[in-house]
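Participant: Structure file my_file-v2.txt, compact mmCIF, C-alpha atoms, is pasted below:
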# COMPACT_ATOMS: atom_id res chain seq x y z
CA MET A 22 0.29 0.92 34.91
CA GLU A 23 -0.80 -2.27 36.67
CA LYS A 24 -4.23 -2.00 35.05
CA ASN A 25 -2.67 -1.69 31.59
CA VAL A 26 -0.49 -4.75 32.19
CA ALA A 27 -3.50 -6.82 33.30
CA SER A 28 -5.51 -5.59 30.31
CA LYS A 29 -2.76 -6.58 27.87
CA LYS A 30 -2.41 -9.94 29.58
CA ARG A 31 -6.11 -10.70 29.06
CA PHE A 32 -6.08 -9.36 25.53
CA PHE A 33 -3.08 -11.34 24.31
CA TYR A 34 -4.25 -14.55 25.96
CA LEU A 35 -7.96 -14.58 25.10
CA VAL A 36 -8.37 -12.66 21.87
CA PRO A 37 -6.25 -14.99 19.68
CA ILE A 38 -8.25 -17.97 21.00
CA ALA A 39 -11.55 -16.21 20.27
CA PHE A 40 -10.27 -15.23 16.83
CA ILE A 41 -9.31 -18.78 15.86
CA THR A 42 -12.62 -20.16 17.15
CA TYR A 43 -14.81 -17.78 15.17
CA SER A 44 -12.52 -18.17 12.14
CA LEU A 45 -13.24 -21.88 12.03
CA ALA A 46 -16.98 -21.26 12.35
CA TYR A 47 -16.87 -18.90 9.41
CA PHE A 48 -14.59 -21.20 7.43
CA ASP A 49 -17.23 -23.96 7.38
CA ARG A 50 -19.91 -21.43 6.47
CA ALA A 51 -18.29 -19.55 3.60
CA ASN A 52 -16.64 -22.42 1.71
CA TYR A 53 -20.05 -23.42 0.31
CA SER A 54 -19.70 -20.63 -2.27
CA PHE A 55 -16.50 -22.24 -3.53
CA GLY A 56 -18.07 -25.69 -3.65
CA ALA A 57 -20.88 -24.25 -5.75
CA ALA A 58 -18.43 -22.53 -8.11
CA GLY A 59 -16.12 -25.57 -8.20
CA GLY A 60 -18.34 -28.30 -9.61
CA MET A 61 -20.82 -29.28 -6.88
CA ALA A 62 -23.77 -27.77 -8.75
CA GLY A 63 -23.00 -29.78 -11.89
CA ASP A 64 -22.31 -33.07 -10.10
CA LEU A 65 -25.51 -32.94 -8.05
CA ASN A 66 -27.67 -31.36 -10.78
CA ILE A 67 -28.40 -28.30 -8.67
CA THR A 68 -30.43 -25.69 -10.53
CA ALA A 69 -29.91 -21.94 -10.05
CA GLY A 70 -33.03 -21.70 -7.87
CA VAL A 71 -32.03 -24.64 -5.68
CA ALA A 72 -28.48 -23.27 -5.38
CA SER A 73 -29.85 -19.95 -4.12
CA PHE A 74 -32.10 -21.67 -1.59
CA LEU A 75 -29.30 -23.94 -0.33
CA SER A 76 -26.91 -21.03 0.14
CA ALA A 77 -29.61 -19.24 2.14
CA LEU A 78 -30.89 -22.25 4.11
CA PHE A 79 -27.95 -22.09 6.50
CA PHE A 80 -29.19 -18.72 7.75
CA LEU A 81 -32.69 -20.01 8.39
CA GLY A 82 -31.28 -22.50 10.91
CA TYR A 83 -29.01 -19.75 12.21
CA PHE A 84 -32.04 -17.49 12.80
CA PHE A 85 -34.03 -19.77 15.12
CA PHE A 86 -31.44 -20.64 17.78
CA GLN A 87 -29.60 -17.36 18.46
CA ILE A 88 -31.53 -16.32 21.55
CA PRO A 89 -31.64 -19.76 23.26
CA GLY A 90 -27.87 -19.98 22.72
CA ALA A 91 -27.27 -16.58 24.30
CA ILE A 92 -29.49 -17.36 27.29
CA TYR A 93 -27.61 -20.62 27.88
CA ALA A 94 -24.27 -18.78 27.63
CA GLU A 95 -25.42 -16.08 30.08
CA ARG A 96 -26.94 -18.46 32.63
CA LYS A 97 -24.66 -21.49 32.33
CA SER A 98 -21.51 -21.68 30.18
CA ALA A 99 -20.39 -20.10 26.91
CA LYS A 100 -17.34 -22.37 27.02
CA LYS A 101 -19.30 -25.65 26.91
CA LEU A 102 -21.76 -24.35 24.33
CA VAL A 103 -19.00 -23.34 21.92
CA PHE A 104 -17.15 -26.65 22.45
CA TRP A 105 -20.10 -28.83 21.42
CA SER A 106 -20.99 -26.47 18.59
CA MET A 107 -17.50 -26.85 17.12
CA ILE A 108 -17.67 -30.63 17.26
CA LEU A 109 -21.05 -30.74 15.53
CA TRP A 110 -20.36 -28.13 12.86
CA GLY A 111 -17.08 -29.82 11.95
CA PHE A 112 -18.86 -33.13 11.32
CA LEU A 113 -21.64 -31.46 9.35
CA ALA A 114 -19.20 -29.45 7.24
CA SER A 115 -17.23 -32.59 6.34
CA ALA A 116 -20.48 -34.47 5.64
CA THR A 117 -21.22 -31.97 2.86
CA GLY A 118 -18.44 -33.59 0.84
CA LEU A 119 -19.97 -37.07 1.21
CA VAL A 120 -23.43 -36.43 -0.25
CA HIS A 121 -24.45 -37.92 -3.60
CA HIS A 122 -27.93 -36.42 -3.86
CA VAL A 123 -28.98 -32.82 -3.46
CA ALA A 124 -31.71 -33.79 -0.96
CA TRP A 125 -29.06 -34.47 1.70
CA LEU A 126 -27.79 -30.91 1.43
CA TYR A 127 -31.04 -29.48 2.79
CA PRO A 128 -30.77 -30.93 6.34
CA ILE A 129 -26.97 -30.51 6.41
CA ARG A 130 -27.12 -26.81 5.53
CA PHE A 131 -30.00 -26.18 7.94
CA PHE A 132 -28.44 -27.97 10.92
CA LEU A 133 -25.05 -26.42 10.19
CA GLY A 134 -26.82 -23.10 10.71
CA VAL A 135 -28.44 -24.37 13.91
CA VAL A 136 -25.19 -25.44 15.59
CA GLU A 137 -23.26 -22.38 14.44
CA SER A 138 -26.02 -20.04 15.61
CA ALA A 139 -24.84 -20.40 19.21
CA VAL A 140 -21.29 -19.31 18.49
CA MET A 141 -21.60 -15.58 17.86
CA PRO A 142 -23.86 -14.71 20.86
CA ALA A 143 -21.91 -17.07 23.11
CA MET A 144 -18.61 -15.48 22.11
CA LEU A 145 -19.99 -11.97 22.68
CA VAL A 146 -21.18 -13.03 26.14
CA PHE A 147 -17.78 -14.60 26.79
CA LEU A 148 -15.90 -11.42 25.83
CA SER A 149 -18.25 -9.20 27.85
CA ASN A 150 -17.30 -11.27 30.92
CA TRP A 151 -13.65 -10.42 30.38
CA PHE A 152 -13.35 -6.95 28.81
CA LEU A 153 -14.39 -3.48 29.94
CA LYS A 154 -16.11 -0.74 27.97
CA GLU A 155 -12.94 0.91 26.69
CA GLU A 156 -11.64 -2.50 25.49
CA ARG A 157 -14.82 -4.04 24.15
CA SER A 158 -14.94 -2.73 20.59
CA ARG A 159 -11.40 -3.94 19.91
CA ALA A 160 -12.08 -7.32 21.54
CA ASN A 161 -15.25 -7.73 19.48
CA THR A 162 -13.43 -6.65 16.34
CA PHE A 163 -10.66 -9.19 16.73
CA LEU A 164 -13.34 -11.83 17.27
CA ILE A 165 -15.24 -10.83 14.13
CA LEU A 166 -11.97 -10.43 12.20
CA GLY A 167 -12.20 -14.20 12.03
CA ASN A 168 -14.82 -13.54 9.38
CA PRO A 169 -12.91 -11.57 6.69
CA VAL A 170 -9.47 -13.01 7.51
CA THR A 171 -10.86 -16.52 7.14
CA VAL A 172 -12.54 -15.75 3.83
CA LEU A 173 -9.28 -14.16 2.68
CA TRP A 174 -7.13 -17.25 3.14
CA MET A 175 -10.00 -19.71 2.67
CA SER A 176 -10.61 -18.25 -0.79
CA ILE A 177 -7.03 -19.06 -1.78
CA VAL A 178 -6.78 -22.46 -0.05
CA SER A 179 -10.16 -23.60 -1.34
CA GLY A 180 -9.18 -22.68 -4.88
CA TYR A 181 -6.08 -24.88 -4.65
CA LEU A 182 -7.94 -27.74 -2.93
CA LEU A 183 -10.58 -27.71 -5.64
CA LYS A 184 -7.89 -27.88 -8.29
CA ALA A 185 -5.85 -30.58 -6.51
CA LEU A 186 -8.81 -32.71 -5.37
CA ASP A 187 -12.42 -31.75 -6.03
CA TRP A 188 -15.27 -30.12 -4.12
CA ARG A 189 -15.80 -33.30 -2.08
CA GLY A 190 -12.23 -33.42 -0.85
CA MET A 191 -12.33 -29.70 -0.08
CA PHE A 192 -15.38 -30.03 2.21
CA VAL A 193 -14.09 -33.15 4.01
CA ILE A 194 -10.67 -31.64 4.72
CA GLU A 195 -11.99 -28.21 5.71
CA GLY A 196 -14.39 -29.64 8.31
CA LEU A 197 -11.67 -31.32 10.37
CA PRO A 198 -9.90 -28.27 11.93
CA ALA A 199 -13.02 -27.29 13.92
CA ILE A 200 -13.20 -30.72 15.57
CA ILE A 201 -9.51 -30.63 16.51
CA TRP A 202 -9.60 -27.04 17.79
CA ALA A 203 -12.65 -27.74 20.00
CA PHE A 204 -10.43 -29.63 22.45
CA PHE A 205 -7.87 -26.79 22.57
CA TRP A 206 -10.73 -24.37 23.32
CA LEU A 207 -12.00 -26.58 26.14
CA LYS A 208 -8.55 -26.72 27.72
CA LEU A 209 -7.50 -23.09 27.28
CA VAL A 210 -10.48 -20.91 28.28
CA GLN A 211 -12.65 -20.25 31.32
CA ASP A 212 -16.02 -18.53 31.39
CA LYS A 213 -15.05 -15.85 33.92
CA PRO A 214 -11.85 -14.25 35.28
CA SER A 215 -12.46 -15.77 38.73
CA GLN A 216 -11.91 -19.23 37.19
CA ALA A 217 -8.64 -18.42 35.41
CA LYS A 218 -5.49 -20.04 36.74
CA TRP A 219 -3.26 -17.73 34.69
CA LEU A 220 -4.41 -14.61 36.61
CA THR A 221 -3.21 -13.67 40.07
CA ASP A 222 -5.73 -13.29 42.90
CA GLU A 223 -5.22 -9.53 42.83
CA GLU A 224 -5.83 -9.37 39.08
CA LYS A 225 -9.04 -11.39 39.45
CA ARG A 226 -10.23 -9.10 42.22
CA ASN A 227 -9.45 -5.93 40.24
CA ILE A 228 -11.27 -7.16 37.14
CA GLU A 229 -14.31 -8.14 39.17
CA GLU A 230 -14.40 -4.74 40.89
CA GLU A 231 -14.12 -2.89 37.58
CA MET A 232 -16.86 -5.02 36.01
CA ASN A 233 -19.18 -4.39 38.96
CA ALA A 234 -18.50 -0.66 38.87
CA GLU A 235 -19.36 -0.56 35.17
CA GLN A 236 -22.68 -2.33 35.78
CA LYS A 237 -23.68 0.14 38.53
CA GLY A 238 -24.17 2.77 35.83
CA LEU A 239 -27.11 0.85 34.41
CA LYS A 240 -30.66 0.59 35.70
CA GLU A 241 -31.81 -2.95 36.49
CA VAL A 242 -33.73 -4.59 33.64
CA VAL A 243 -35.96 -7.21 35.18
CA SER A 244 -36.66 -9.41 32.13
CA TYR A 245 -35.61 -10.25 28.61
CA LYS A 246 -38.99 -8.97 27.44
CA GLU A 247 -38.23 -5.52 28.81
CA ALA A 248 -34.86 -5.47 27.03
CA PHE A 249 -36.36 -6.67 23.74
CA ARG A 250 -38.99 -3.90 23.85
CA SER A 251 -36.30 -1.23 23.88
CA LYS A 252 -36.61 1.08 20.86
CA THR A 253 -32.86 0.98 20.41
CA VAL A 254 -32.83 -2.81 20.33
CA ILE A 255 -35.70 -2.90 17.82
CA LEU A 256 -34.11 -0.32 15.51
CA LEU A 257 -30.72 -2.01 15.66
CA ALA A 258 -32.32 -5.38 14.88
CA ILE A 259 -33.99 -3.98 11.75
CA GLN A 260 -30.80 -2.13 10.84
CA TYR A 261 -28.74 -5.32 11.13
CA PHE A 262 -31.28 -7.18 8.99
CA ALA A 263 -30.72 -4.70 6.15
CA TRP A 264 -26.94 -4.60 6.68
CA SER A 265 -26.70 -8.40 6.55
CA ILE A 266 -28.56 -8.51 3.24
CA GLY A 267 -25.64 -6.66 1.71
CA VAL A 268 -22.92 -8.56 3.55
CA TYR A 269 -24.08 -12.10 2.82
CA GLY A 270 -25.36 -11.42 -0.66
CA PHE A 271 -21.76 -10.38 -1.23
CA VAL A 272 -20.04 -13.20 0.67
CA MET A 273 -22.08 -16.10 -0.67
CA TRP A 274 -21.96 -15.08 -4.34
CA LEU A 275 -18.70 -13.15 -4.80
CA PRO A 276 -16.69 -16.12 -6.20
CA SER A 277 -19.43 -17.01 -8.69
CA MET A 278 -19.85 -13.38 -9.77
CA ILE A 279 -16.10 -12.88 -10.24
CA LYS A 280 -15.68 -16.17 -12.09
CA GLU A 281 -18.51 -15.35 -14.47
CA ALA A 282 -17.45 -11.75 -15.10
CA SER A 283 -13.70 -12.34 -15.42
CA HIS A 284 -13.78 -15.75 -17.17
CA MET A 285 -10.77 -16.81 -15.08
CA ASP A 286 -10.09 -20.24 -13.58
CA ILE A 287 -10.99 -21.17 -9.99
CA VAL A 288 -7.52 -20.46 -8.56
CA ALA A 289 -7.46 -16.94 -10.01
CA THR A 290 -11.04 -16.47 -8.80
CA GLY A 291 -9.87 -17.43 -5.31
CA TRP A 292 -7.13 -14.81 -5.32
CA LEU A 293 -9.46 -12.10 -6.60
CA SER A 294 -12.13 -13.07 -4.04
CA ALA A 295 -9.61 -12.61 -1.22
CA ALA A 296 -8.84 -8.92 -1.86
CA PRO A 297 -12.02 -7.39 -0.34
CA TYR A 298 -11.35 -9.25 2.90
CA LEU A 299 -7.80 -7.92 3.13
CA LEU A 300 -9.19 -4.38 3.06
CA ALA A 301 -11.92 -5.44 5.52
CA THR A 302 -9.30 -6.68 7.98
CA ILE A 303 -7.39 -3.39 7.92
CA ALA A 304 -10.57 -1.29 8.10
CA MET A 305 -11.98 -3.25 11.05
CA ILE A 306 -8.83 -2.79 13.12
CA LEU A 307 -8.66 0.96 12.43
CA VAL A 308 -12.35 1.62 13.02
CA SER A 309 -12.44 -0.33 16.29
CA TYR A 310 -9.31 1.43 17.55
CA PHE A 311 -10.70 4.91 16.99
CA SER A 312 -14.15 3.89 18.21
CA ASP A 313 -12.70 2.79 21.54
CA LYS A 314 -10.52 5.90 21.76
CA THR A 315 -13.49 8.23 21.23
CA LEU A 316 -16.22 5.94 22.64
CA ASN A 317 -18.12 6.90 19.51
CA ARG A 318 -20.04 3.95 18.08
CA LYS A 319 -22.81 5.17 15.79
CA THR A 320 -20.84 7.54 13.56
CA PHE A 321 -18.34 4.85 12.63
CA VAL A 322 -21.19 2.48 11.75
CA TRP A 323 -23.23 4.73 9.46
CA VAL A 324 -20.27 6.35 7.67
CA SER A 325 -18.75 2.94 6.86
CA LEU A 326 -22.05 1.58 5.55
CA LEU A 327 -22.63 4.70 3.46
CA ILE A 328 -19.27 4.13 1.75
CA GLY A 329 -20.37 0.57 1.01
CA THR A 330 -23.64 1.85 -0.43
CA VAL A 331 -21.87 4.23 -2.81
CA ALA A 332 -19.42 1.51 -3.90
CA PHE A 333 -22.20 -0.97 -4.70
CA TYR A 334 -24.07 1.71 -6.63
CA GLY A 335 -20.89 2.47 -8.58
CA SER A 336 -20.57 -1.22 -9.51
CA TYR A 337 -24.20 -1.15 -10.62
CA MET A 338 -23.60 1.88 -12.86
CA ILE A 339 -20.45 0.41 -14.44
CA GLY A 340 -21.84 -3.11 -14.79
CA SER A 341 -19.84 -5.39 -17.09
CA SER A 342 -18.45 -2.56 -19.22
CA ASN A 343 -15.21 -2.46 -17.21
CA PHE A 344 -14.53 -5.47 -15.00
CA TRP A 345 -11.51 -4.04 -13.16
CA ILE A 346 -13.15 -0.77 -12.10
CA SER A 347 -16.26 -2.66 -11.02
CA TYR A 348 -14.05 -5.13 -9.14
CA ALA A 349 -12.16 -2.29 -7.38
CA LEU A 350 -15.48 -0.88 -6.19
CA LEU A 351 -16.43 -4.32 -4.88
CA ILE A 352 -13.22 -4.37 -2.84
CA ILE A 353 -14.21 -1.03 -1.30
CA ALA A 354 -17.78 -2.22 -0.67
CA GLY A 355 -16.56 -5.39 1.06
CA GLY A 356 -14.12 -3.51 3.28
CA ALA A 357 -16.66 -0.85 4.21
CA MET A 358 -19.39 -3.36 5.11
CA TYR A 359 -17.12 -5.19 7.53
CA ALA A 360 -15.40 -2.17 9.08
CA PRO A 361 -17.97 -1.24 11.80
CA TYR A 362 -18.73 -4.66 13.32
CA GLY A 363 -16.70 -4.04 16.49
CA PRO A 364 -18.36 -0.73 17.42
CA PHE A 365 -21.79 -2.09 16.52
CA PHE A 366 -21.65 -5.04 18.90
CA ALA A 367 -20.14 -2.86 21.66
CA ILE A 368 -23.39 -0.88 21.88
CA MET A 369 -25.62 -3.32 23.79
CA PRO A 370 -23.35 -3.90 26.83
CA GLU A 371 -23.11 -0.11 27.20
CA ILE A 372 -26.87 0.47 27.51
CA LEU A 373 -28.14 -2.79 29.03
CA PRO A 374 -27.08 -4.83 32.09
CA LYS A 375 -24.75 -7.72 31.29
CA LYS A 376 -27.34 -10.40 32.18
CA VAL A 377 -29.58 -9.33 29.26
CA ALA A 378 -27.17 -7.54 26.90
CA GLY A 379 -25.99 -10.83 25.41
CA SER A 380 -29.54 -11.89 24.61
CA ALA A 381 -30.30 -8.48 23.11
CA ASN A 382 -27.25 -8.91 20.87
CA ALA A 383 -28.55 -12.39 20.01
CA LEU A 384 -31.93 -10.94 19.00
CA ILE A 385 -30.15 -8.43 16.77
CA ASN A 386 -27.86 -11.13 15.37
CA SER A 387 -30.83 -13.41 14.66
CA MET A 388 -32.40 -10.64 12.59
CA GLY A 389 -29.05 -10.40 10.84
CA ALA A 390 -29.29 -14.11 10.08
CA LEU A 391 -32.73 -13.56 8.56
CA GLY A 392 -31.29 -10.72 6.49
CA SER A 393 -28.46 -13.04 5.45
CA PHE A 394 -31.03 -15.60 4.29
CA VAL A 395 -32.79 -12.94 2.23
CA GLY A 396 -29.54 -11.55 0.83
CA ALA A 397 -28.03 -14.91 -0.11
CA TYR A 398 -31.26 -16.09 -1.74
CA ILE A 399 -32.27 -12.94 -3.63
CA VAL A 400 -28.77 -12.12 -4.90
CA GLY A 401 -28.48 -15.68 -6.24
CA PHE A 402 -31.96 -15.45 -7.73
CA LEU A 403 -31.27 -12.08 -9.39
CA ASN A 404 -27.98 -13.30 -10.83
CA GLY A 405 -29.70 -16.35 -12.33
CA ALA A 406 -32.83 -14.52 -13.51
CA THR A 407 -31.04 -11.58 -15.16
CA GLY A 408 -27.92 -13.40 -16.37
CA GLY A 409 -25.72 -10.73 -14.81
CA THR A 410 -24.82 -8.95 -11.59
CA LYS A 411 -26.16 -5.40 -12.09
CA ALA A 412 -29.52 -6.04 -10.44
CA SER A 413 -27.94 -7.71 -7.41
CA PHE A 414 -25.50 -4.80 -6.95
CA MET A 415 -28.42 -2.37 -6.91
CA PHE A 416 -30.31 -4.59 -4.47
CA MET A 417 -27.36 -4.67 -2.06
CA ALA A 418 -26.86 -0.90 -2.39
CA ILE A 419 -30.50 -0.25 -1.44
CA ALA A 420 -30.26 -2.61 1.55
CA LEU A 421 -27.15 -0.83 2.84
CA LEU A 422 -28.76 2.59 2.34
CA ILE A 423 -31.69 1.49 4.50
CA SER A 424 -29.24 0.37 7.20
CA VAL A 425 -27.55 3.79 7.09
CA ILE A 426 -30.88 5.56 7.60
CA LEU A 427 -31.83 3.27 10.48
CA THR A 428 -28.45 3.83 12.15
CA LEU A 429 -29.07 7.58 12.08
CA LEU A 430 -32.51 7.03 13.62
CA VAL A 431 -30.91 5.01 16.41
CA LYS A 432 -28.56 7.90 17.06
CA ALA A 433 -31.47 10.30 17.44
CA GLN A 434 -33.40 7.88 19.67
CA LYS A 435 -30.40 7.02 21.84
CA ARG A 436 -30.46 10.09 24.06
CA VAL A 437 -34.04 9.47 25.16
CA GLU A 438 -33.46 5.81 25.95
CA VAL A 439 -30.24 6.27 27.84
CA LYS A 440 -31.81 8.91 30.02
CA GLU A 441 -35.37 7.71 30.45
CA GLU A 442 -35.55 4.02 29.66
CA PHE A 443 -32.29 2.71 31.06
CA GLU A 444 -30.80 5.74 32.83
CA ALA A 445 -27.38 4.60 31.67
CA LYS A 446 -24.45 6.78 32.56
CA ALA A 447 -22.55 5.87 29.41
CA VAL A 448 -23.61 7.95 26.42
CA ILE A 449 -23.53 6.20 23.06
CA LYS A 450 -22.44 8.69 20.50
Please re-express this file's structure in structure tokens.
Facilitator:
Amino acid sequence: MEKNVASKKRFFYLVPIAFITYSLAYFDRANYSFGAAGGMAGDLNITAGVASFLSALFFLGYFFFQIPGAIYAERKSAKKLVFWSMILWGFLASATGLVHHVAWLYPIRFFLGVVESAVMPAMLVFLSNWFLKEERSRANTFLILGNPVTVLWMSIVSGYLLKALDWRGMFVIEGLPAIIWAFFWLKLVQDKPSQAKWLTDEEKRNIEEEMNAEQKGLKEVVSYKEAFRSKTVILLAIQYFAWSIGVYGFVMWLPSMIKEASHMDIVATGWLSAAPYLLATIAMILVSYFSDKTLNRKTFVWVSLLIGTVAFYGSYMIGSSNFWISYALLIIAGGAMYAPYGPFFAIMPEILPKKVAGSANALINSMGALGSFVGAYIVGFLNGATGGTKASFMFMAIALLISVILTLLVKAQKRVEVKEEFEAKAVIK
């Protein structure tokens, strides 16, 4: 009973803060698609090829600084790293609305990726310092829920801001919340339970004992190199690369694809763009709940991604012949792609010691960033080159199918690694 009370206390205090923080990071990442659809391309004479590269450039910066950010968070402070990242990304996001030549967008998009790259690994390290195995998938899910929930309401708000102001006003206004929230973050959180003033001494001691007991089930990994050579880590990195192609090809170009196919105005496009993220929010909560209940991670990942694959393929087959059926399948694809994030990022802390698990997640996430670069660029390129969306739907379906296959390979490999390579007591199903 006492353990449940302490667990709820941590969850209800920390998870909303983590959720808001990651929401703001995603807010300043995803609103670029609305700027592009809302007049920025015309005002700055951005061609289709340049638009594709700019939407993808963020992820190139995001790719390079994942692992250094995770190492800093593990060795020093996730709290300080996230604080300074929020300040910098808020300024860069607002600066997007002040440019008058496309050349300025190149460094802004790249460095926005650089400063935001620290957030995801740092937040995963932060949550692993506070939550145990049976809580971790749900904690991770509520963190990553900042992604679809933000796009849901951002799609609507951005549509109205574009109509009331213009794309410049939208970017300037939407960069400010991150700067303001950074100071709330700095005041409200601590890196570890032992530093928290809102926990009793007994609660701190119990959490520390439970964390230490959980780590005793894992063999010592002496270096980051050893962790990165794990077959599971390598397969999951490649899997996440393919998965992210589908996710960010979808996220970065959904408003443009809907606007073009439906011939509706930007406000209606915003409402239609929000629907997949509503389903994603519900699916993520349900999948993480049952994943923690069963401690089954892999099955929830590959089944969800297979549903996304089938939905994208259905949109490819239907094409522009029936917009509403194709749109309904896109809602399903979006929800299915987001659903297994919580279980996926719960895997590393269950097979690797805490001091390297965060960096292993960062390696995987950096490959996801590279996949996001590829997805955002190629989907934009295919849409421009073919004059439609069929080719990009097929491309995203193939990428997700590859991620399904790789997830199944990880499941087969897992038993060997847990027993022989890491001798972990926890079995990843």
Participant: For a quick check of understanding, using all atoms listed in the file, which of A:Ser387, A:Asn404, A:Ser98, A:Thr315 has the smallest distance to Tyr261 (chain A)?
Facilitator: A:Ser387
Participant: Sort by chain and increasing residue number a table of all residues of region 334-402 of chain A within 9 Å of region 140-145 of chain A, each with its closest pair of atoms and their distance in Å to one decimal, counting only C-alpha atoms, and write it as JSON lines.
Facilitator:
{"residue": "A:Phe366", "atom": "CA", "partner": "A:Leu145", "partner_atom": "CA", "distance": 8.1}
{"residue": "A:Gly379", "atom": "CA", "partner": "A:Pro142", "partner_atom": "CA", "distance": 6.3}
{"residue": "A:Ser380", "atom": "CA", "partner": "A:Pro142", "partner_atom": "CA", "distance": 7.4}
{"residue": "A:Asn382", "atom": "CA", "partner": "A:Pro142", "partner_atom": "CA", "distance": 6.7}
{"residue": "A:Ala383", "atom": "CA", "partner": "A:Pro142", "partner_atom": "CA", "distance": 5.3}
{"residue": "A:Asn386", "atom": "CA", "partner": "A:Pro142", "partner_atom": "CA", "distance": 7.7}
Participant: Quick one: of A:Ala160, A:Ala381, A:Ile38, A:Gly335, who's nearest to Arg250 (chain A), counting all atoms listed in the file?
Facilitator: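 Distance minimum relative to Arg250 (chain A) lands on A:Ala381.
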Participant: Counting only C-alpha atoms, I want the residues whose atoms come within 7 Å of (-15.5, -32.8, 22.4) in the file frame, returned as a count of residues only.
Facilitator: 5
Participant: To one decimal place in Å, what is the distance between CA of Phe321 (chain A) and CA of Leu300 (chain A)?
Facilitator: 16.1 Å
Participant: Could you tell me how far CA of Thr410 (chain A) sits from CA of Phe333 (chain A), in Å to one decimal place?
Facilitator: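 Between CA of Phe333 (chain A) and CA of Thr410 (chain A) the gap works out to 10.9 Å.
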Participant: CA of Val136 (chain A) and CA of Phe365 (chain A) are how many Å apart?
Facilitator: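 A separation of 23.6 Å between them.
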Participant: From the set A:Asn343, A:Ser176, A:Gln87, A:Asn66, which residue has the shortest atom-to-atom contact distance to Leu293 (chain A), counting only C-alpha atoms?
Facilitator: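 Counting only C-alpha atoms, the residue closest to Leu293 (chain A) is A:Ser176.
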Participant: Which is closest to Gly63 (chain A) among A:Tyr359, A:Tyr298, A:Phe79, A:Trp188, if we use all atoms listed in the file?
Facilitator: A:Trp188
Participant: Using only C-alpha atoms, determine which residues lie at most 9 Å from Gly405 (chain A), disregarding the query and same-chain residues fewer than 6 positions distant; provide the list as a PyMOL selection string.
Facilitator: chain A and resi 69-70+73
Participant: Hey, which of A:Val272, A:Val120, A:Met107, A:Ala91 ends up closest to Asp64 (chain A)? Count all atoms listed in the file.
Facilitator: A:Val120
Participant: Can you pull out the residues contacting Ala114 (chain A)? Cut-off 12 Å, using only C-alpha atoms, and skip same-chain residues under 6 positions away; I want them as an NGL selection string.
Facilitator: :A and (45-53 or 56 or 79 or 106-108 or 120 or 126 or 128-134 or 136-137 or 189-200)
Participant: Give the answer as one residue: which of A:Val103, A:Val172, A:Ala77, A:Leu429 has the shortest atom-to-atom distance to Ser138 (chain A), using all atoms listed in the file?
Facilitator: A:Val103
Participant: Write out as an mmCIF file with C-alpha atoms, in the coordinates of the input which residues come within 8 Å of Leu153 (chain A) when counting all atoms listed in the file, dropping same-chain ones fewer than 5 positions away.
Facilitator:
data_model
loop_
_atom_site.group_PDB
_atom_site.id
_atom_site.type_symbol
_atom_site.label_atom_id
_atom_site.label_comp_id
_atom_site.auth_asym_id
_atom_site.auth_seq_id
_atom_site.Cartn_x
_atom_site.Cartn_y
_atom_site.Cartn_z
ATOM 1 C CA GLU A 231 -14.120 -2.890 37.580
ATOM 2 C CA MET A 232 -16.860 -5.020 36.010
ATOM 3 C CA GLU A 235 -19.360 -0.560 35.170
#
Participant: So that I can see what lies close to Glu155 (chain A), please list as a list in words the residues with an atom at most 8 Å from it, counting only C-alpha atoms and leaving out residues fewer than 4 positions away in the same chain.
Facilitator: Asp313, Lys314 and Leu316 of chain A
Participant: As a PDB file with C-alpha atoms, keeping the file's coordinate frame, please: the residues near Ala349 (chain A) (cut-off 12 Å, all atoms listed in the file, same-chain neighbours under 3 positions excluded).
Facilitator:
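As a result, out-v5.pdb now contains:
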ATOM      1  CA  ILE A 279     -16.100 -12.880 -10.240  1.00  0.00           C
ATOM      2  CA  LEU A 293      -9.460 -12.100  -6.600  1.00  0.00           C
ATOM      3  CA  SER A 294     -12.130 -13.070  -4.040  1.00  0.00           C
ATOM      4  CA  ALA A 296      -8.840  -8.920  -1.860  1.00  0.00           C
ATOM      5  CA  PRO A 297     -12.020  -7.390  -0.340  1.00  0.00           C
ATOM      6  CA  LEU A 300      -9.190  -4.380   3.060  1.00  0.00           C
ATOM      7  CA  ALA A 332     -19.420   1.510  -3.900  1.00  0.00           C
ATOM      8  CA  PHE A 333     -22.200  -0.970  -4.700  1.00  0.00           C
ATOM      9  CA  GLY A 335     -20.890   2.470  -8.580  1.00  0.00           C
ATOM     10  CA  SER A 336     -20.570  -1.220  -9.510  1.00  0.00           C
ATOM     11  CA  ILE A 339     -20.450   0.410 -14.440  1.00  0.00           C
ATOM     12  CA  ASN A 343     -15.210  -2.460 -17.210  1.00  0.00           C
ATOM     13  CA  PHE A 344     -14.530  -5.470 -15.000  1.00  0.00           C
ATOM     14  CA  TRP A 345     -11.510  -4.040 -13.160  1.00  0.00           C
ATOM     15  CA  ILE A 346     -13.150  -0.770 -12.100  1.00  0.00           C
ATOM     16  CA  ILE A 352     -13.220  -4.370  -2.840  1.00  0.00           C
ATOM     17  CA  ILE A 353     -14.210  -1.030  -1.300  1.00  0.00           C
ATOM     18  CA  ALA A 354     -17.780  -2.220  -0.670  1.00  0.00           C
ATOM     19  CA  GLY A 355     -16.560  -5.390   1.060  1.00  0.00           C
ATOM     20  CA  GLY A 356     -14.120  -3.510   3.280  1.00  0.00           C
TER      21      GLY A 356
END
Participant: Could you make a table, as a Markdown table, of the residues of region 249-328 of chain A that have an atom within 6 Å of an atom of region 395-401 of chain A, each with its nearest atom pair and distance in Å to one decimal, counting all atoms listed in the file, in chain and number order?
Facilitator:
| residue | atom | partner | partner_atom | distance |
| --- | --- | --- | --- | --- |
| A:Ile266 | CA | A:Gly396 | CA | 4.0 |
| A:Tyr269 | CA | A:Ala397 | CA | 5.7 |
| A:Gly270 | CA | A:Ala397 | CA | 4.4 |
